>>> print(open('start_1.pdb').read())   # PDB, C-alpha atoms, pLDDT in the B column
ATOM      1  CA  MET C   1     -18.244 -29.447 -49.331  1.00 63.00           C
ATOM      2  CA  ASN C   2     -18.048 -33.014 -50.585  1.00 85.00           C
ATOM      3  CA  GLU C   3     -14.881 -34.636 -51.885  1.00 88.00           C
ATOM      4  CA  ILE C   4     -15.924 -34.539 -55.543  1.00 91.00           C
ATOM      5  CA  LYS C   5     -16.767 -30.827 -55.479  1.00 92.00           C
ATOM      6  CA  LYS C   6     -13.450 -30.127 -53.767  1.00 92.00           C
ATOM      7  CA  CYS C   7     -11.648 -32.102 -56.474  1.00 92.00           C
ATOM      8  CA  ILE C   8     -13.447 -30.118 -59.188  1.00 93.00           C
ATOM      9  CA  PHE C   9     -12.546 -26.810 -57.532  1.00 93.00           C
ATOM     10  CA  ASP C  10      -8.921 -27.929 -57.098  1.00 94.00           C
ATOM     11  CA  ILE C  11      -8.651 -28.801 -60.799  1.00 94.00           C
ATOM     12  CA  LEU C  12     -10.225 -25.493 -61.805  1.00 93.00           C
ATOM     13  CA  ASP C  13      -7.858 -23.589 -59.515  1.00 93.00           C
ATOM     14  CA  GLU C  14      -4.805 -25.402 -60.886  1.00 92.00           C
ATOM     15  CA  ASN C  15      -5.891 -24.346 -64.374  1.00 89.00           C
ATOM     16  CA  GLY C  16      -6.227 -20.672 -63.581  1.00 91.00           C
ATOM     17  CA  ILE C  17      -9.983 -20.705 -63.055  1.00 91.00           C
ATOM     18  CA  TYR C  18     -10.388 -18.983 -59.710  1.00 91.00           C
ATOM     19  CA  ILE C  19     -13.660 -19.208 -57.812  1.00 92.00           C
ATOM     20  CA  ASP C  20     -14.188 -17.161 -54.674  1.00 90.00           C
ATOM     21  CA  SER C  21     -14.469 -19.304 -51.543  1.00 87.00           C
ATOM     22  CA  ASN C  22     -17.893 -17.776 -50.791  1.00 88.00           C
ATOM     23  CA  GLU C  23     -19.181 -18.930 -54.177  1.00 90.00           C
ATOM     24  CA  MET C  24     -17.954 -22.488 -53.634  1.00 89.00           C
ATOM     25  CA  GLU C  25     -20.877 -23.209 -51.325  1.00 89.00           C
ATOM     26  CA  GLU C  26     -23.377 -22.204 -54.022  1.00 90.00           C
ATOM     27  CA  ASP C  27     -24.696 -24.411 -56.810  1.00 93.00           C
ATOM     28  CA  LEU C  28     -22.567 -22.872 -59.556  1.00 93.00           C
ATOM     29  CA  ASP C  29     -23.088 -23.109 -63.288  1.00 94.00           C
ATOM     30  CA  LEU C  30     -19.633 -24.346 -64.322  1.00 93.00           C
ATOM     31  CA  ARG C  31     -20.322 -23.341 -67.913  1.00 92.00           C
ATOM     32  CA  GLU C  32     -19.678 -19.750 -66.797  1.00 93.00           C
ATOM     33  CA  TYR C  33     -16.127 -20.714 -65.777  1.00 92.00           C
ATOM     34  CA  ILE C  34     -15.128 -23.350 -68.359  1.00 90.00           C
ATOM     35  CA  LEU C  35     -14.970 -21.251 -71.487  1.00 86.00           C
ATOM     36  CA  ASP C  36     -13.741 -23.595 -74.211  1.00 88.00           C
ATOM     37  CA  SER C  37     -13.681 -27.231 -75.214  1.00 87.00           C
ATOM     38  CA  LEU C  38      -9.969 -27.659 -74.445  1.00 89.00           C
ATOM     39  CA  GLN C  39     -10.494 -26.604 -70.836  1.00 90.00           C
ATOM     40  CA  TYR C  40     -13.532 -28.867 -70.603  1.00 90.00           C
ATOM     41  CA  VAL C  41     -11.734 -31.945 -71.958  1.00 90.00           C
ATOM     42  CA  TYR C  42      -8.686 -31.345 -69.763  1.00 90.00           C
ATOM     43  CA  ILE C  43     -10.817 -30.937 -66.638  1.00 90.00           C
ATOM     44  CA  ILE C  44     -12.814 -34.101 -67.367  1.00 91.00           C
ATOM     45  CA  VAL C  45      -9.673 -36.171 -68.037  1.00 91.00           C
ATOM     46  CA  GLU C  46      -8.020 -34.835 -64.885  1.00 92.00           C
ATOM     47  CA  LEU C  47     -11.154 -35.562 -62.861  1.00 91.00           C
ATOM     48  CA  GLU C  48     -11.298 -39.130 -64.177  1.00 90.00           C
ATOM     49  CA  ASP C  49      -7.615 -39.643 -63.363  1.00 91.00           C
ATOM     50  CA  ARG C  50      -7.907 -38.304 -59.833  1.00 91.00           C
ATOM     51  CA  LEU C  51     -11.062 -40.234 -59.033  1.00 88.00           C
ATOM     52  CA  GLY C  52      -9.899 -43.390 -60.783  1.00 86.00           C
ATOM     53  CA  LEU C  53     -12.940 -43.897 -62.960  1.00 87.00           C
ATOM     54  CA  GLU C  54     -14.200 -43.434 -66.480  1.00 87.00           C
ATOM     55  CA  LEU C  55     -17.256 -41.245 -66.840  1.00 86.00           C
ATOM     56  CA  PRO C  56     -19.908 -42.474 -69.295  1.00 85.00           C
ATOM     57  CA  ASP C  57     -21.003 -40.282 -72.196  1.00 85.00           C
ATOM     58  CA  GLU C  58     -24.286 -39.252 -70.548  1.00 84.00           C
ATOM     59  CA  VAL C  59     -22.344 -37.667 -67.664  1.00 84.00           C
ATOM     60  CA  LEU C  60     -19.985 -35.864 -70.057  1.00 86.00           C
ATOM     61  CA  LEU C  61     -22.679 -33.727 -71.669  1.00 88.00           C
ATOM     62  CA  TYR C  62     -21.716 -30.048 -71.432  1.00 87.00           C
ATOM     63  CA  GLU C  63     -25.239 -29.212 -70.246  1.00 90.00           C
ATOM     64  CA  ASN C  64     -24.592 -31.230 -67.070  1.00 90.00           C
ATOM     65  CA  LEU C  65     -22.187 -28.508 -65.947  1.00 91.00           C
ATOM     66  CA  ALA C  66     -25.160 -26.171 -65.368  1.00 93.00           C
ATOM     67  CA  SER C  67     -25.173 -27.375 -61.755  1.00 93.00           C
ATOM     68  CA  ILE C  68     -21.986 -28.310 -59.925  1.00 93.00           C
ATOM     69  CA  ASN C  69     -24.064 -30.127 -57.313  1.00 93.00           C
ATOM     70  CA  GLY C  70     -25.869 -32.158 -59.970  1.00 92.00           C
ATOM     71  CA  PHE C  71     -22.609 -32.889 -61.789  1.00 92.00           C
ATOM     72  CA  ALA C  72     -20.905 -33.990 -58.552  1.00 92.00           C
ATOM     73  CA  ASN C  73     -23.903 -36.214 -57.741  1.00 91.00           C
ATOM     74  CA  MET C  74     -23.681 -37.870 -61.171  1.00 90.00           C
ATOM     75  CA  ILE C  75     -20.005 -38.614 -60.555  1.00 91.00           C
ATOM     76  CA  SER C  76     -20.788 -39.933 -57.074  1.00 89.00           C
ATOM     77  CA  ASP C  77     -23.461 -42.218 -58.563  1.00 87.00           C
ATOM     78  CA  ARG C  78     -20.878 -43.499 -61.055  1.00 85.00           C
ATOM     79  CA  GLN C  79     -18.476 -44.254 -58.190  1.00 83.00           C
ATOM     80  CA  GLN C  80     -21.202 -46.216 -56.432  1.00 82.00           C
ATOM     81  CA  GLU C  81     -21.943 -48.161 -59.629  1.00 80.00           C
ATOM     82  CA  MET C  82     -18.261 -49.030 -60.007  1.00 75.00           C
ATOM     83  CA  MET C  83     -18.170 -50.380 -56.453  1.00 71.00           C
ATOM     84  CA  HIS C  84     -20.996 -52.784 -57.299  1.00 64.00           C
ATOM     85  CA  ILE C  85     -19.637 -53.880 -60.683  1.00 57.00           C
ATOM     86  CA  GLY C  86     -16.479 -55.496 -59.348  1.00 54.00           C
ATOM     87  CA  CYS C  87     -13.685 -56.054 -61.794  1.00 46.00           C
ATOM     88  CA  GLY C  88     -15.891 -56.336 -64.896  1.00 44.00           C
ATOM     89  CA  TYR C  89     -14.335 -59.518 -66.284  1.00 37.00           C
ATOM     90  CA  GLU C  90     -16.023 -62.845 -65.860  1.00 37.00           C
ATOM     91  CA  ASN C  91     -14.105 -65.017 -63.366  1.00 37.00           C
ATOM     92  CA  ALA C  92     -11.170 -62.587 -63.312  1.00 40.00           C
ATOM     93  CA  CYS C  93     -11.830 -61.826 -59.664  1.00 42.00           C
ATOM     94  CA  GLU C  94     -12.417 -65.399 -58.630  1.00 44.00           C
ATOM     95  CA  GLY C  95     -10.479 -66.115 -55.462  1.00 47.00           C
ATOM     96  CA  ASN C  96      -9.269 -62.518 -55.130  1.00 49.00           C
ATOM     97  CA  ASP C  97     -10.257 -59.992 -52.504  1.00 60.00           C
ATOM     98  CA  ILE C  98     -10.963 -56.597 -54.049  1.00 65.00           C
ATOM     99  CA  THR C  99     -10.895 -53.333 -52.144  1.00 67.00           C
ATOM    100  CA  ILE C 100     -11.636 -49.965 -53.741  1.00 71.00           C
ATOM    101  CA  ASP C 101     -10.597 -46.909 -51.752  1.00 68.00           C
ATOM    102  CA  PHE C 102     -11.959 -43.701 -53.299  1.00 67.00           C
ATOM    103  CA  ARG C 103     -10.197 -41.570 -50.699  1.00 68.00           C
ATOM    104  CA  THR C 104      -6.781 -42.628 -52.012  1.00 74.00           C
ATOM    105  CA  ASN C 105      -7.967 -43.610 -55.508  1.00 71.00           C
ATOM    106  CA  THR C 106      -6.515 -47.102 -55.199  1.00 72.00           C
ATOM    107  CA  ILE C 107      -7.729 -50.596 -55.922  1.00 75.00           C
ATOM    108  CA  ASN C 108      -6.264 -53.567 -54.121  1.00 70.00           C
ATOM    109  CA  MET C 109      -6.861 -56.890 -55.845  1.00 68.00           C
ATOM    110  CA  GLY C 110      -5.301 -60.055 -54.525  1.00 64.00           C
ATOM    111  CA  GLY C 111      -2.678 -58.101 -52.586  1.00 69.00           C
ATOM    112  CA  GLN C 112      -1.635 -55.994 -55.596  1.00 71.00           C
ATOM    113  CA  GLU C 113      -2.372 -52.278 -55.483  1.00 74.00           C
ATOM    114  CA  PHE C 114      -3.374 -50.323 -58.606  1.00 70.00           C
TER     115      PHE C 114
END
>>> encode(input="start_1.pdb", output="structure tokens")
Amino acid sequence: MNEIKKCIFDILDENGIYIDSNEMEEDLDLREYILDSLQYVYIIVELEDRLGLELPDEVLLYENLASINGFANMISDRQQEMMHIGCGYENACEGNDITIDFRTNTINMGGQEF
């Protein structure tokens, strides 16, 4: 199981949404487990916080939850995009070394960790 799927399952579990370990290897339709908009928003915000990224609107469509594998792949693609974008501000990174560690959800820029 990849790191993003594990994170999703951890968040679901912490919010009282229990998924059998045998089912975790399947390509689940998360819409069957996330029953209301409050749960959905909380899970997305928690996922963004834990992964240290902001998901664009096209990833946040409720229909994308029809496949946990597809949803996790979209998030992984977003992580890869963020690695290539850099800091996002013109010249703000000039002269600074930037390291993004998705395992620990930290960014090190010019010796300062975020």
>>> resolve_selection(input="start_1.pdb", expression="the PyMOL selection byres ((chain C and resi 105) around 12)", output="PyMOL selection string")
chain C and resi 3+47-53+79+99-104+106-108+113-114
>>> closest_residue(input="start_1.pdb", among="C:Met83, C:Ile68, C:Ile8, C:Met74", to="Ile44 in chain C", atoms="all atoms listed in the file")
C:Ile8
>>> atom_distance(input="start_1.pdb", atom1="CA of Asp29 in chain C", atom2="CA of Leu65 in chain C")
6.1 Å
>>> residues_around(input="start_1.pdb", residues="range 33-41 of chain C", least_positions_apart="3", cutoff="10 Å", atoms="all atoms listed in the file", output="list of chain:residue names")
C:Leu12, C:Asn15, C:Ile17, C:Tyr18, C:Ile19, C:Leu28, C:Asp29, C:Leu30, C:Ile44, C:Val45, C:Glu46, C:Leu47, C:Leu60, C:Tyr62, C:Leu65
>>> closest_residue(input="start_1.pdb", among="C:Ala72, C:Met24, C:Ile43, C:Leu61", to="Ile4 in chain C", atoms="only C-alpha atoms")
C:Ala72
>>> atom_distance(input="start_1.pdb", atom1="CA of Glu26 in chain C", atom2="CA of Ser67 in chain C")
9.5 Å
>>> closest_residue(input="start_1.pdb", among="C:Gly16, C:Lys6, C:Arg31, C:Ser21", to="Asn64 in chain C", atoms="all atoms listed in the file")
C:Arg31
>>> axis_aligned_box(input="start_1.pdb", around="range 28-39 of chain C", padding_each_side="6 Å", output="AutoDock Vina command-line options")
--center_x -16.5 --center_y -23.7 --center_z -67.4 --size_x 25.1 --size_y 19.9 --size_z 27.7
>>> atom_distance(input="start_1.pdb", atom1="CA of Tyr42 in chain C", atom2="CA of Ile11 in chain C")
9.3 Å
>>> closest_residue(input="start_1.pdb", among="C:Ile75, C:Cys7, C:Ala66, C:Met82", to="Glu32 in chain C", atoms="only C-alpha atoms")
C:Ala66
